$ cat work.cif   # mmCIF, C-alpha atoms and all ligand atoms
data_protein
#
loop_
_atom_site.group_PDB
_atom_site.id
_atom_site.type_symbol
_atom_site.label_atom_id
_atom_site.label_comp_id
_atom_site.auth_asym_id
_atom_site.auth_seq_id
_atom_site.Cartn_x
_atom_site.Cartn_y
_atom_site.Cartn_z
ATOM 1 C CA MET A 1 -53.003 126.734 -26.283
ATOM 2 C CA HIS A 2 -49.474 128.044 -26.694
ATOM 3 C CA ILE A 3 -47.753 129.117 -23.458
ATOM 4 C CA GLY A 4 -44.564 131.115 -23.980
ATOM 5 C CA PRO A 5 -41.604 131.631 -21.612
ATOM 6 C CA ALA A 6 -42.944 135.016 -20.462
ATOM 7 C CA ASP A 7 -46.510 133.876 -19.838
ATOM 8 C CA ARG A 8 -48.086 133.655 -16.396
ATOM 9 C CA VAL A 9 -51.147 131.411 -16.205
ATOM 10 C CA PHE A 10 -54.096 131.952 -13.872
ATOM 11 C CA VAL A 11 -56.539 129.019 -13.737
ATOM 12 C CA LEU A 12 -60.010 129.309 -12.194
ATOM 13 C CA THR A 13 -61.805 126.021 -11.635
ATOM 14 C CA GLY A 14 -65.437 125.312 -10.750
ATOM 15 C CA ALA A 15 -67.599 122.320 -9.961
ATOM 16 C CA GLY A 16 -67.372 121.015 -13.547
ATOM 17 C CA ILE A 17 -63.742 119.906 -13.190
ATOM 18 C CA SER A 18 -64.795 117.494 -10.432
ATOM 19 C CA ALA A 19 -67.901 116.196 -12.251
ATOM 20 C CA GLU A 20 -65.953 113.375 -13.898
ATOM 21 C CA SER A 21 -64.780 112.308 -10.419
ATOM 22 C CA GLY A 22 -68.421 111.787 -9.428
ATOM 23 C CA LEU A 23 -69.186 115.044 -7.584
ATOM 24 C CA PRO A 24 -72.403 116.712 -8.798
ATOM 25 C CA THR A 25 -72.318 120.310 -10.038
ATOM 26 C CA PHE A 26 -74.578 122.930 -8.418
ATOM 27 C CA ARG A 27 -76.655 124.071 -11.337
ATOM 28 C CA GLY A 28 -76.726 120.963 -13.525
ATOM 29 C CA PRO A 29 -79.581 118.468 -13.877
ATOM 30 C CA ASN A 30 -78.634 116.816 -10.545
ATOM 31 C CA GLY A 31 -77.867 120.131 -8.877
ATOM 32 C CA LEU A 32 -80.702 120.170 -6.359
ATOM 33 C CA TRP A 33 -80.085 118.650 -2.930
ATOM 34 C CA ARG A 34 -83.282 117.142 -1.480
ATOM 35 C CA GLY A 35 -85.202 119.724 -3.498
ATOM 36 C CA HIS A 36 -83.136 122.672 -2.216
ATOM 37 C CA ARG A 37 -81.131 125.048 -4.393
ATOM 38 C CA VAL A 38 -77.599 125.623 -3.074
ATOM 39 C CA GLU A 39 -78.546 129.192 -2.121
ATOM 40 C CA GLU A 40 -81.044 127.722 0.383
ATOM 41 C CA VAL A 41 -78.507 125.610 2.307
ATOM 42 C CA ALA A 42 -75.280 127.581 1.844
ATOM 43 C CA SER A 43 -76.072 130.954 3.392
ATOM 44 C CA PRO A 44 -75.928 132.584 6.847
ATOM 45 C CA ILE A 45 -79.734 132.872 6.671
ATOM 46 C CA ALA A 46 -80.059 129.097 6.225
ATOM 47 C CA TRP A 47 -77.643 128.557 9.140
ATOM 48 C CA ALA A 48 -79.632 130.878 11.415
ATOM 49 C CA ARG A 49 -82.916 129.241 10.407
ATOM 50 C CA ASP A 50 -81.923 125.556 10.465
ATOM 51 C CA ALA A 51 -78.310 124.712 11.335
ATOM 52 C CA ARG A 52 -79.096 120.969 11.423
ATOM 53 C CA LEU A 53 -80.284 121.089 7.801
ATOM 54 C CA VAL A 54 -77.073 122.867 6.819
ATOM 55 C CA TRP A 55 -74.956 120.283 8.677
ATOM 56 C CA THR A 56 -76.969 117.455 7.066
ATOM 57 C CA PHE A 57 -76.082 118.913 3.634
ATOM 58 C CA TYR A 58 -72.378 119.224 4.470
ATOM 59 C CA SER A 59 -72.262 115.847 6.276
ATOM 60 C CA GLU A 60 -73.582 114.052 3.200
ATOM 61 C CA ARG A 61 -71.029 115.834 1.104
ATOM 62 C CA ARG A 62 -68.173 115.003 3.528
ATOM 63 C CA ARG A 63 -69.121 111.326 3.303
ATOM 64 C CA LYS A 64 -69.152 111.481 -0.499
ATOM 65 C CA HIS A 65 -65.928 113.499 -0.742
ATOM 66 C CA ARG A 66 -64.026 110.827 1.241
ATOM 67 C CA THR A 67 -64.594 108.382 -1.617
ATOM 68 C CA VAL A 68 -63.667 110.355 -4.755
ATOM 69 C CA GLU A 69 -60.427 110.496 -6.749
ATOM 70 C CA PRO A 70 -58.946 113.147 -9.066
ATOM 71 C CA ASN A 71 -59.562 112.742 -12.814
ATOM 72 C CA PRO A 72 -57.382 113.516 -15.871
ATOM 73 C CA GLY A 73 -58.454 117.194 -15.749
ATOM 74 C CA HIS A 74 -56.935 117.639 -12.271
ATOM 75 C CA HIS A 75 -53.803 115.755 -13.333
ATOM 76 C CA ALA A 76 -53.363 117.905 -16.455
ATOM 77 C CA LEU A 77 -53.227 121.031 -14.245
ATOM 78 C CA VAL A 78 -50.586 119.404 -12.026
ATOM 79 C CA GLN A 79 -48.500 118.684 -15.112
ATOM 80 C CA LEU A 80 -48.880 122.302 -16.243
ATOM 81 C CA GLU A 81 -47.819 123.558 -12.799
ATOM 82 C CA GLY A 82 -44.770 121.278 -13.028
ATOM 83 C CA ALA A 83 -43.796 122.906 -16.339
ATOM 84 C CA LEU A 84 -44.444 126.526 -15.254
ATOM 85 C CA GLY A 85 -43.522 126.561 -11.555
ATOM 86 C CA GLU A 86 -44.236 129.942 -9.993
ATOM 87 C CA ARG A 87 -45.690 131.233 -13.292
ATOM 88 C CA PHE A 88 -48.746 129.059 -12.555
ATOM 89 C CA PHE A 89 -51.561 129.893 -10.114
ATOM 90 C CA LEU A 90 -54.716 127.919 -9.431
ATOM 91 C CA CYS A 91 -57.797 129.412 -7.803
ATOM 92 C CA THR A 92 -60.583 126.947 -7.170
ATOM 93 C CA GLN A 93 -64.164 127.679 -6.169
ATOM 94 C CA ASN A 94 -64.438 124.032 -5.193
ATOM 95 C CA VAL A 95 -64.391 122.909 -1.588
ATOM 96 C CA ASP A 96 -63.259 119.384 -2.505
ATOM 97 C CA ARG A 97 -59.617 118.313 -2.085
ATOM 98 C CA LEU A 98 -59.170 116.758 -5.528
ATOM 99 C CA HIS A 99 -56.614 119.338 -6.727
ATOM 100 C CA GLU A 100 -54.445 118.604 -3.660
ATOM 101 C CA GLN A 101 -54.920 114.851 -4.077
ATOM 102 C CA ALA A 102 -53.707 115.167 -7.674
ATOM 103 C CA GLY A 103 -50.637 117.121 -6.480
ATOM 104 C CA SER A 104 -51.449 120.831 -7.071
ATOM 105 C CA GLU A 105 -49.478 123.151 -4.768
ATOM 106 C CA ARG A 106 -49.857 126.750 -5.959
ATOM 107 C CA LEU A 107 -53.542 126.665 -5.082
ATOM 108 C CA VAL A 108 -56.134 128.667 -3.138
ATOM 109 C CA HIS A 109 -59.693 127.663 -2.181
ATOM 110 C CA MET A 110 -61.700 130.880 -2.438
ATOM 111 C CA HIS A 111 -64.903 129.245 -1.102
ATOM 112 C CA GLY A 112 -63.220 127.220 1.653
ATOM 113 C CA LYS A 113 -62.624 123.533 2.217
ATOM 114 C CA ILE A 114 -65.149 120.794 2.920
ATOM 115 C CA PHE A 115 -62.892 119.193 5.558
ATOM 116 C CA GLN A 116 -62.433 122.343 7.639
ATOM 117 C CA SER A 117 -64.696 123.909 10.300
ATOM 118 C CA ARG A 118 -64.688 126.990 12.480
ATOM 119 C CA CYS A 119 -66.698 128.718 15.216
ATOM 120 C CA GLU A 120 -69.813 130.568 14.056
ATOM 121 C CA ARG A 121 -68.694 133.509 16.177
ATOM 122 C CA GLU A 122 -65.654 135.581 15.323
ATOM 123 C CA CYS A 123 -63.800 134.255 18.392
ATOM 124 C CA SER A 124 -60.103 133.374 18.680
ATOM 125 C CA LEU A 125 -60.504 129.759 17.465
ATOM 126 C CA PRO A 126 -58.818 129.481 14.032
ATOM 127 C CA PRO A 127 -60.337 127.248 11.301
ATOM 128 C CA PHE A 128 -59.323 123.626 11.875
ATOM 129 C CA ASP A 129 -59.257 120.325 9.949
ATOM 130 C CA ASP A 130 -62.424 118.374 10.659
ATOM 131 C CA ASP A 131 -64.335 115.471 9.166
ATOM 132 C CA TRP A 132 -67.141 115.353 11.758
ATOM 133 C CA THR A 133 -70.546 114.432 10.373
ATOM 134 C CA LEU A 134 -73.985 114.861 11.894
ATOM 135 C CA GLU A 135 -75.390 111.445 12.831
ATOM 136 C CA GLY A 136 -78.936 110.938 14.126
ATOM 137 C CA GLU A 137 -79.918 113.222 16.996
ATOM 138 C CA ALA A 138 -76.338 114.207 17.905
ATOM 139 C CA ALA A 139 -75.834 117.807 18.975
ATOM 140 C CA ILE A 140 -73.871 120.221 16.835
ATOM 141 C CA PRO A 141 -70.426 120.568 18.466
ATOM 142 C CA ARG A 142 -69.662 123.793 20.282
ATOM 143 C CA CYS A 143 -66.560 125.920 20.530
ATOM 144 C CA PRO A 144 -65.083 126.593 24.022
ATOM 145 C CA CYS A 145 -66.552 130.121 23.644
ATOM 146 C CA GLY A 146 -70.071 128.641 23.383
ATOM 147 C CA GLY A 147 -70.635 129.262 19.661
ATOM 148 C CA ARG A 148 -71.684 126.425 17.390
ATOM 149 C CA ILE A 149 -69.132 124.858 15.037
ATOM 150 C CA ARG A 150 -69.938 125.492 11.355
ATOM 151 C CA PRO A 151 -68.305 124.420 8.078
ATOM 152 C CA HIS A 152 -65.392 126.682 7.042
ATOM 153 C CA ILE A 153 -67.117 127.514 3.763
ATOM 154 C CA CYS A 154 -67.865 130.818 2.053
ATOM 155 C CA TRP A 155 -71.633 131.059 1.857
ATOM 156 C CA PHE A 156 -73.716 133.521 -0.151
ATOM 157 C CA GLY A 157 -73.383 136.986 1.290
ATOM 158 C CA GLU A 158 -69.973 136.210 2.849
ATOM 159 C CA THR A 159 -66.602 137.446 1.604
ATOM 160 C CA PRO A 160 -64.559 134.821 -0.261
ATOM 161 C CA PHE A 161 -61.126 133.861 1.101
ATOM 162 C CA GLU A 162 -57.679 134.923 -0.193
ATOM 163 C CA LEU A 163 -59.024 137.743 -2.396
ATOM 164 C CA GLU A 164 -55.909 139.888 -1.985
ATOM 165 C CA ARG A 165 -53.639 137.163 -3.323
ATOM 166 C CA ILE A 166 -56.139 136.265 -6.053
ATOM 167 C CA PHE A 167 -56.364 139.819 -7.389
ATOM 168 C CA ALA A 168 -52.576 140.203 -7.229
ATOM 169 C CA GLU A 169 -52.153 137.043 -9.323
ATOM 170 C CA LEU A 170 -54.906 138.126 -11.736
ATOM 171 C CA SER A 171 -53.176 141.477 -12.263
ATOM 172 C CA ARG A 172 -49.943 139.869 -13.437
ATOM 173 C CA SER A 173 -51.385 136.979 -15.454
ATOM 174 C CA THR A 174 -51.075 136.890 -19.254
ATOM 175 C CA ILE A 175 -53.292 133.829 -19.707
ATOM 176 C CA PHE A 176 -56.614 133.377 -17.902
ATOM 177 C CA LEU A 177 -58.191 129.923 -18.119
ATOM 178 C CA ALA A 178 -61.564 129.083 -16.555
ATOM 179 C CA VAL A 179 -62.625 125.447 -16.318
ATOM 180 C CA GLY A 180 -66.060 124.005 -15.522
ATOM 181 C CA THR A 181 -67.779 127.019 -13.988
ATOM 182 C CA SER A 182 -71.146 128.453 -15.021
ATOM 183 C CA GLY A 183 -69.987 132.084 -14.671
ATOM 184 C CA VAL A 184 -72.935 133.200 -12.551
ATOM 185 C CA VAL A 185 -71.478 133.394 -9.023
ATOM 186 C CA GLU A 186 -69.656 136.607 -8.113
ATOM 187 C CA PRO A 187 -66.956 137.668 -7.632
ATOM 188 C CA ALA A 188 -65.422 134.678 -9.483
ATOM 189 C CA ALA A 189 -67.555 135.349 -12.569
ATOM 190 C CA SER A 190 -65.888 138.763 -12.939
ATOM 191 C CA PHE A 191 -62.287 137.549 -12.640
ATOM 192 C CA VAL A 192 -62.028 137.196 -16.414
ATOM 193 C CA ARG A 193 -63.058 140.818 -16.927
ATOM 194 C CA PHE A 194 -60.648 141.938 -14.191
ATOM 195 C CA ALA A 195 -57.793 140.000 -15.842
ATOM 196 C CA ARG A 196 -58.573 141.631 -19.190
ATOM 197 C CA ARG A 197 -57.922 145.063 -17.723
ATOM 198 C CA ASN A 198 -54.171 144.615 -18.178
ATOM 199 C CA GLY A 199 -54.767 144.540 -21.956
ATOM 200 C CA ARG A 200 -52.306 141.781 -22.870
ATOM 201 C CA VAL A 201 -54.116 138.803 -21.419
ATOM 202 C CA ARG A 202 -55.530 135.907 -23.476
ATOM 203 C CA THR A 203 -58.674 134.293 -22.035
ATOM 204 C CA PHE A 204 -59.921 130.719 -22.461
ATOM 205 C CA TYR A 205 -62.806 128.590 -21.197
ATOM 206 C CA VAL A 206 -63.072 124.782 -21.045
ATOM 207 C CA GLY A 207 -66.344 122.947 -20.400
ATOM 208 C CA PRO A 208 -69.175 121.127 -22.157
ATOM 209 C CA GLU A 209 -71.326 124.251 -22.565
ATOM 210 C CA GLU A 210 -70.783 127.997 -22.845
ATOM 211 C CA PRO A 211 -70.727 129.808 -19.478
ATOM 212 C CA ALA A 212 -72.961 132.832 -18.789
ATOM 213 C CA ASN A 213 -69.932 135.112 -19.252
ATOM 214 C CA ALA A 214 -68.788 133.467 -22.521
ATOM 215 C CA ALA A 215 -68.535 136.839 -24.287
ATOM 216 C CA SER A 216 -65.504 137.698 -22.111
ATOM 217 C CA PHE A 217 -63.436 134.782 -23.423
ATOM 218 C CA ASP A 218 -61.260 134.860 -26.550
ATOM 219 C CA GLU A 219 -61.790 131.154 -27.078
ATOM 220 C CA VAL A 220 -64.139 128.498 -25.681
ATOM 221 C CA PHE A 221 -63.095 124.828 -25.899
ATOM 222 C CA LEU A 222 -66.277 122.790 -25.658
ATOM 223 C CA GLY A 223 -65.987 119.372 -23.995
ATOM 224 C CA PRO A 224 -65.511 117.680 -20.612
ATOM 225 C CA SER A 225 -62.363 119.000 -18.918
ATOM 226 C CA GLY A 226 -61.032 115.478 -18.336
ATOM 227 C CA GLU A 227 -60.838 115.081 -22.103
ATOM 228 C CA VAL A 228 -59.934 118.629 -23.190
ATOM 229 C CA LEU A 229 -57.273 119.659 -20.625
ATOM 230 C CA PRO A 230 -54.795 116.774 -21.126
ATOM 231 C CA LYS A 231 -54.456 117.779 -24.817
ATOM 232 C CA LEU A 232 -54.699 121.553 -24.456
ATOM 233 C CA PHE A 233 -51.303 122.950 -23.445
ATOM 234 C CA ARG A 234 -48.200 123.492 -25.565
ATOM 235 C CA VAL A 235 -45.529 124.897 -23.269
ATOM 236 C CA GLU A 236 -42.520 126.558 -24.880
ATOM 237 C CA GLN A 237 -39.579 126.144 -22.517
ATOM 238 C CA ASP A 238 -37.022 128.874 -21.980
ATOM 239 C CA PHE A 239 -33.704 127.037 -21.930
ATOM 240 C CA SER A 240 -31.151 128.941 -19.894
ATOM 241 C CA PRO A 241 -27.601 129.256 -21.371
ATOM 242 C CA ALA A 242 -26.345 126.611 -18.916
ATOM 243 C CA GLU A 243 -28.747 124.073 -20.384
ATOM 244 C CA LYS A 244 -27.864 124.794 -24.031
ATOM 245 C CA ALA A 245 -25.549 122.405 -25.855
ATOM 246 C CA PRO A 246 -21.866 123.529 -25.752
ATOM 247 C CA GLN A 247 -20.776 125.494 -28.912
HETATM 248 C C1 LIG B 301 -68.269 120.681 -16.707
HETATM 249 C C2 LIG B 301 -68.327 119.293 -16.745
HETATM 250 C C3 LIG B 301 -67.161 118.611 -17.118
HETATM 251 C C4 LIG B 301 -70.276 120.071 -16.162
HETATM 252 N N1 LIG B 301 -66.050 119.288 -17.408
HETATM 253 N N2 LIG B 301 -67.156 121.327 -17.003
HETATM 254 C C5 LIG B 301 -74.367 140.763 -8.057
HETATM 255 C C6 LIG B 301 -75.722 140.576 -8.266
HETATM 256 C C7 LIG B 301 -76.448 139.695 -7.480
HETATM 257 C C8 LIG B 301 -75.854 138.999 -6.461
HETATM 258 C C9 LIG B 301 -74.516 139.185 -6.262
HETATM 259 C C10 LIG B 301 -73.800 140.058 -7.039
HETATM 260 N N3 LIG B 301 -72.507 140.045 -6.593
HETATM 261 C C11 LIG B 301 -72.414 139.183 -5.590
HETATM 262 C C12 LIG B 301 -73.619 138.648 -5.364
HETATM 263 C C13 LIG B 301 -73.973 137.681 -4.341
HETATM 264 C C14 LIG B 301 -73.517 136.284 -4.600
HETATM 265 C C15 LIG B 301 -73.783 135.849 -6.036
HETATM 266 O O1 LIG B 301 -72.895 135.781 -6.861
HETATM 267 N N4 LIG B 301 -75.004 135.484 -6.344
HETATM 268 C C16 LIG B 301 -75.325 135.048 -7.698
HETATM 269 C C17 LIG B 301 -75.911 133.644 -7.635
HETATM 270 C C18 LIG B 301 -76.191 136.064 -8.338
HETATM 271 N N5 LIG B 301 -72.117 136.114 -4.265
HETATM 272 C C19 LIG B 301 -71.711 136.029 -3.025
HETATM 273 O O2 LIG B 301 -72.477 136.162 -2.093
HETATM 274 C C20 LIG B 301 -70.235 135.799 -2.789
HETATM 275 N N6 LIG B 301 -69.713 136.769 -1.914
HETATM 276 C C21 LIG B 301 -69.573 138.047 -2.286
HETATM 277 O O3 LIG B 301 -69.862 138.432 -3.415
HETATM 278 O O4 LIG B 301 -69.046 138.834 -1.304
HETATM 279 C C22 LIG B 301 -68.948 140.216 -1.578
HETATM 280 C C23 LIG B 301 -67.550 140.564 -1.914
HETATM 281 C C24 LIG B 301 -67.075 140.361 -3.200
HETATM 282 C C25 LIG B 301 -65.790 140.721 -3.526
HETATM 283 C C26 LIG B 301 -64.999 141.295 -2.563
HETATM 284 C C27 LIG B 301 -65.456 141.461 -1.262
HETATM 285 C C28 LIG B 301 -66.749 141.099 -0.950
HETATM 286 C C29 LIG B 301 -70.017 134.450 -2.125
HETATM 287 C C30 LIG B 301 -70.345 133.320 -3.045
HETATM 288 C C31 LIG B 301 -70.290 131.993 -2.291
HETATM 289 C C32 LIG B 301 -70.590 130.826 -3.197
HETATM 290 N N7 LIG B 301 -70.753 129.676 -2.405
HETATM 291 C C33 LIG B 301 -71.075 128.413 -3.076
HETATM 292 C C34 LIG B 301 -71.465 127.335 -2.019
HETATM 293 C C35 LIG B 301 -70.445 127.111 -0.991
HETATM 294 C C36 LIG B 301 -69.429 126.073 -1.378
HETATM 295 C C37 LIG B 301 -69.972 124.658 -1.241
HETATM 296 O O5 LIG B 301 -70.777 124.376 -0.371
HETATM 297 O O6 LIG B 301 -69.515 123.823 -2.046
HETATM 298 O O7 LIG B 301 -69.952 127.995 -3.876
HETATM 299 S S1 LIG B 301 -72.406 128.492 -4.212
HETATM 300 C C38 LIG B 301 -71.752 127.395 -5.390
HETATM 301 O O8 LIG B 301 -71.564 128.154 -6.604
HETATM 302 C C39 LIG B 301 -70.360 127.014 -4.867
HETATM 303 C C40 LIG B 301 -69.534 127.127 -6.115
HETATM 304 O O9 LIG B 301 -68.165 127.292 -5.803
HETATM 305 C C41 LIG B 301 -70.145 128.299 -6.825
HETATM 306 C C42 LIG B 301 -69.876 128.345 -8.300
HETATM 307 O O10 LIG B 301 -70.468 127.272 -8.944
HETATM 308 P P1 LIG B 301 -69.774 126.628 -10.210
HETATM 309 O O11 LIG B 301 -68.477 126.055 -9.839
HETATM 310 O O12 LIG B 301 -69.779 127.613 -11.309
HETATM 311 O O13 LIG B 301 -70.771 125.396 -10.499
HETATM 312 P P2 LIG B 301 -72.077 125.320 -11.418
HETATM 313 O O14 LIG B 301 -72.824 124.118 -10.998
HETATM 314 O O15 LIG B 301 -72.794 126.599 -11.436
HETATM 315 O O16 LIG B 301 -71.484 125.113 -12.888
HETATM 316 C C43 LIG B 301 -70.780 123.923 -13.245
HETATM 317 C C44 LIG B 301 -70.256 124.078 -14.644
HETATM 318 O O17 LIG B 301 -69.510 122.900 -14.937
HETATM 319 C C45 LIG B 301 -71.342 124.196 -15.714
HETATM 320 O O18 LIG B 301 -71.055 125.314 -16.530
HETATM 321 C C46 LIG B 301 -71.208 122.904 -16.528
HETATM 322 O O19 LIG B 301 -71.390 123.108 -17.913
HETATM 323 C C47 LIG B 301 -69.786 122.522 -16.252
HETATM 324 N N8 LIG B 301 -69.465 121.076 -16.394
HETATM 325 N N9 LIG B 301 -69.573 118.857 -16.443
HETATM 326 C C48 LIG B 301 -66.060 120.596 -17.351
HETATM 327 N N10 LIG B 301 -67.127 117.201 -17.214
#
$ encode --input "work.cif" --output "structure tokens"
Amino acid sequence: MHIGPADRVFVLTGAGISAESGLPTFRGPNGLWRGHRVEEVASPIAWARDARLVWTFYSERRRKHRTVEPNPGHHALVQLEGALGERFFLCTQNVDRLHEQAGSERLVHMHGKIFQSRCERECSLPPFDDDWTLEGEAAIPRCPCGGRIRPHICWFGETPFELERIFAELSRSTIFLAVGTSGVVEPAASFVRFARRNGRVRTFYVGPEEPANAASFDEVFLGPSGEVLPKLFRVEQDFSPAEKAPQ
């Protein structure tokens, strides 16, 4: 993929980029959790019905997420950010912290972060860092206002985070790259079509199989992102006059 001096790159990542680090995807062969689809444990309805089940799901994941490390796919995006600076933007649907662990900085988590919690009520308590896990018969912690503490995660039916910034970055991008996402969960699945509205954008997908929205991509690179991404980018640098050799 050629990236020129005037290009701005928007990268959307999904669960697939973390698969090679040992985190299961949602809709793959190991996607069910104790027989539940993600929709059944990641929704306000699930929380209202059985908050302990929801916390059991997120507690298991917190324990697992403490042990995983970034893979070459995450590192390739850090290298690209290093080459492009503010012309690079990364939007992840993932709640893991592997992009940060690899060194990504221009990054937003549109579905939240596994190691953050907040009050279930819209009280004055802001989201906070938290690695509490539900053990045995322990009670779910409560906020000073009396509400129960819940994971700071965007569940089905809730509005994703940072959408204003995401759409602003999409509007000015000239390259849209999606990595390891099945293209079925909205609004992320429509970002590629939104990016295409500016007419001059090139769109790419990386993953082992075609996503549901494959028709919206100019090119699909089939393969695991840890193998494809490190070889994918060819960045043309814009040398300023000061850096050119003296005449
Ligand atoms: C590899 C690989 C390797 C494997 N290398 N790749 C229209 C119709 C019907 C319903 C809706 C609709 N519009 C909106 C909705 C509702 C809903 C929705 O989309 N439902 C669909 C399922 C139909 N959306 C919402 O409710 C969202 N909110 C919303 O729309 O608010 C309204 C609004 C919109 C815009 C503005 C204002 C308001 C919220 C969605 C919340 C999603 N939450 C979850 C769980 C919480 C996070 C967590 O606990 O971790 O987020 S669901 C789950 O899916 C998780 C993921 O981030 C998300 C996406 O999954 P992803 O990443 O695509 O994973 P998989 O497993 O599906 O795919 C993995 C891919 O990796 C596969 O393709 C593999 O091939 C690939 N892969 N190995 C590279 N080595």
$ closest_residue --input "work.cif" --among "A:Leu177, A:Lys231, A:Gly183, A:Gly223" --to "Phe204 in chain A" --atoms "all atoms listed in the file"
A:Leu177
$ residues_near_ligand --input "work.cif" --ligand "ligand LIG 301 (chain B)" --cutoff "8 Å" --atoms "all atoms listed in the file" --output "PyMOL selection string"
chain A and resi 13-20+24-28+31+38-39+42-43+58+92-96+111-112+114+153-160+163+179-189+206-211+223-226
$ closest_residue --input "work.cif" --among "A:Glu120, A:Glu219, A:Asp50, A:Glu236" --to "Cys143 in chain A" --atoms "all atoms listed in the file"
A:Glu120
$ atom_distance --input "work.cif" --atom1 "CA of Arg62 in chain A" --atom2 "CA of Ala139 in chain A"
17.5 Å
$ residues_around --input "work.cif" --residues "His99 in chain A" --least-positions-apart "2" --cutoff "9 Å" --atoms "only C-alpha atoms" --output "list of chain:residue names"
A:Pro70, A:His74, A:His75, A:Leu77, A:Val78, A:Thr92, A:Asp96, A:Arg97, A:Gln101, A:Ala102, A:Gly103, A:Ser104, A:Glu105, A:Leu107
$ resolve_selection --input "work.cif" --expression "the PyMOL selection byres (((chain A and resi 196) around 10) and not hetatm)" --output "number ranges by chain"
A: 170-171, 173-176, 191-195, 197-203, 216-217
$ write_last_selection --input "work.cif" --atoms "C-alpha atoms" --output "short mmCIF file (atom, residue, chain, number, x, y, z; two decimals), keeping the file's coordinate frame"
data_model
loop_
_atom_site.label_atom_id
_atom_site.label_comp_id
_atom_site.auth_asym_id
_atom_site.auth_seq_id
_atom_site.Cartn_x
_atom_site.Cartn_y
_atom_site.Cartn_z
CA LEU A 170 -54.91 138.13 -11.74
CA SER A 171 -53.18 141.48 -12.26
CA SER A 173 -51.38 136.98 -15.45
CA THR A 174 -51.08 136.89 -19.25
CA ILE A 175 -53.29 133.83 -19.71
CA PHE A 176 -56.61 133.38 -17.90
CA PHE A 191 -62.29 137.55 -12.64
CA VAL A 192 -62.03 137.20 -16.41
CA ARG A 193 -63.06 140.82 -16.93
CA PHE A 194 -60.65 141.94 -14.19
CA ALA A 195 -57.79 140.00 -15.84
CA ARG A 197 -57.92 145.06 -17.72
CA ASN A 198 -54.17 144.62 -18.18
CA GLY A 199 -54.77 144.54 -21.96
CA ARG A 200 -52.31 141.78 -22.87
CA VAL A 201 -54.12 138.80 -21.42
CA ARG A 202 -55.53 135.91 -23.48
CA THR A 203 -58.67 134.29 -22.04
CA SER A 216 -65.50 137.70 -22.11
CA PHE A 217 -63.44 134.78 -23.42
#
$ residues_around --input "work.cif" --residues "Asp129 in chain A" --least-positions-apart "6" --cutoff "8 Å" --atoms "only C-alpha atoms" --output "number ranges by chain"
A: 115-117
$ write_last_selection --input "work.cif" --atoms "C-alpha atoms" --output "compact mmCIF listing (two decimals), in the frame of the given file"
# COMPACT_ATOMS: atom_id res chain seq x y z
CA PHE A 115 -62.89 119.19 5.56
CA GLN A 116 -62.43 122.34 7.64
CA SER A 117 -64.70 123.91 10.30
$ atom_distance --input "work.cif" --atom1 "CA of Cys91 in chain A" --atom2 "CA of Ala76 in chain A"
15.1 Å
$ resolve_selection --input "work.cif" --expression "the PyMOL selection byres (((chain A and resi 119) around 9) and not hetatm)" --output "PyMOL selection string"
chain A and resi 117-118+120-127+142-143+145-152
$ write_last_selection --input "work.cif" --atoms "C-alpha atoms" --output "compact mmCIF listing (two decimals), in the frame of the given file"
# COMPACT_ATOMS: atom_id res chain seq x y z
CA SER A 117 -64.70 123.91 10.30
CA ARG A 118 -64.69 126.99 12.48
CA GLU A 120 -69.81 130.57 14.06
CA ARG A 121 -68.69 133.51 16.18
CA GLU A 122 -65.65 135.58 15.32
CA CYS A 123 -63.80 134.26 18.39
CA SER A 124 -60.10 133.37 18.68
CA LEU A 125 -60.50 129.76 17.46
CA PRO A 126 -58.82 129.48 14.03
CA PRO A 127 -60.34 127.25 11.30
CA ARG A 142 -69.66 123.79 20.28
CA CYS A 143 -66.56 125.92 20.53
CA CYS A 145 -66.55 130.12 23.64
CA GLY A 146 -70.07 128.64 23.38
CA GLY A 147 -70.64 129.26 19.66
CA ARG A 148 -71.68 126.42 17.39
CA ILE A 149 -69.13 124.86 15.04
CA ARG A 150 -69.94 125.49 11.36
CA PRO A 151 -68.31 124.42 8.08
CA HIS A 152 -65.39 126.68 7.04
$ atom_distance --input "work.cif" --atom1 "CA of Glu100 in chain A" --atom2 "CA of Phe167 in chain A"
21.6 Å
$ closest_residue --input "work.cif" --among "A:Asn213, A:Thr56, A:Ala83, A:Ser21" --to "Trp132 in chain A" --atoms "all atoms listed in the file"
A:Thr56
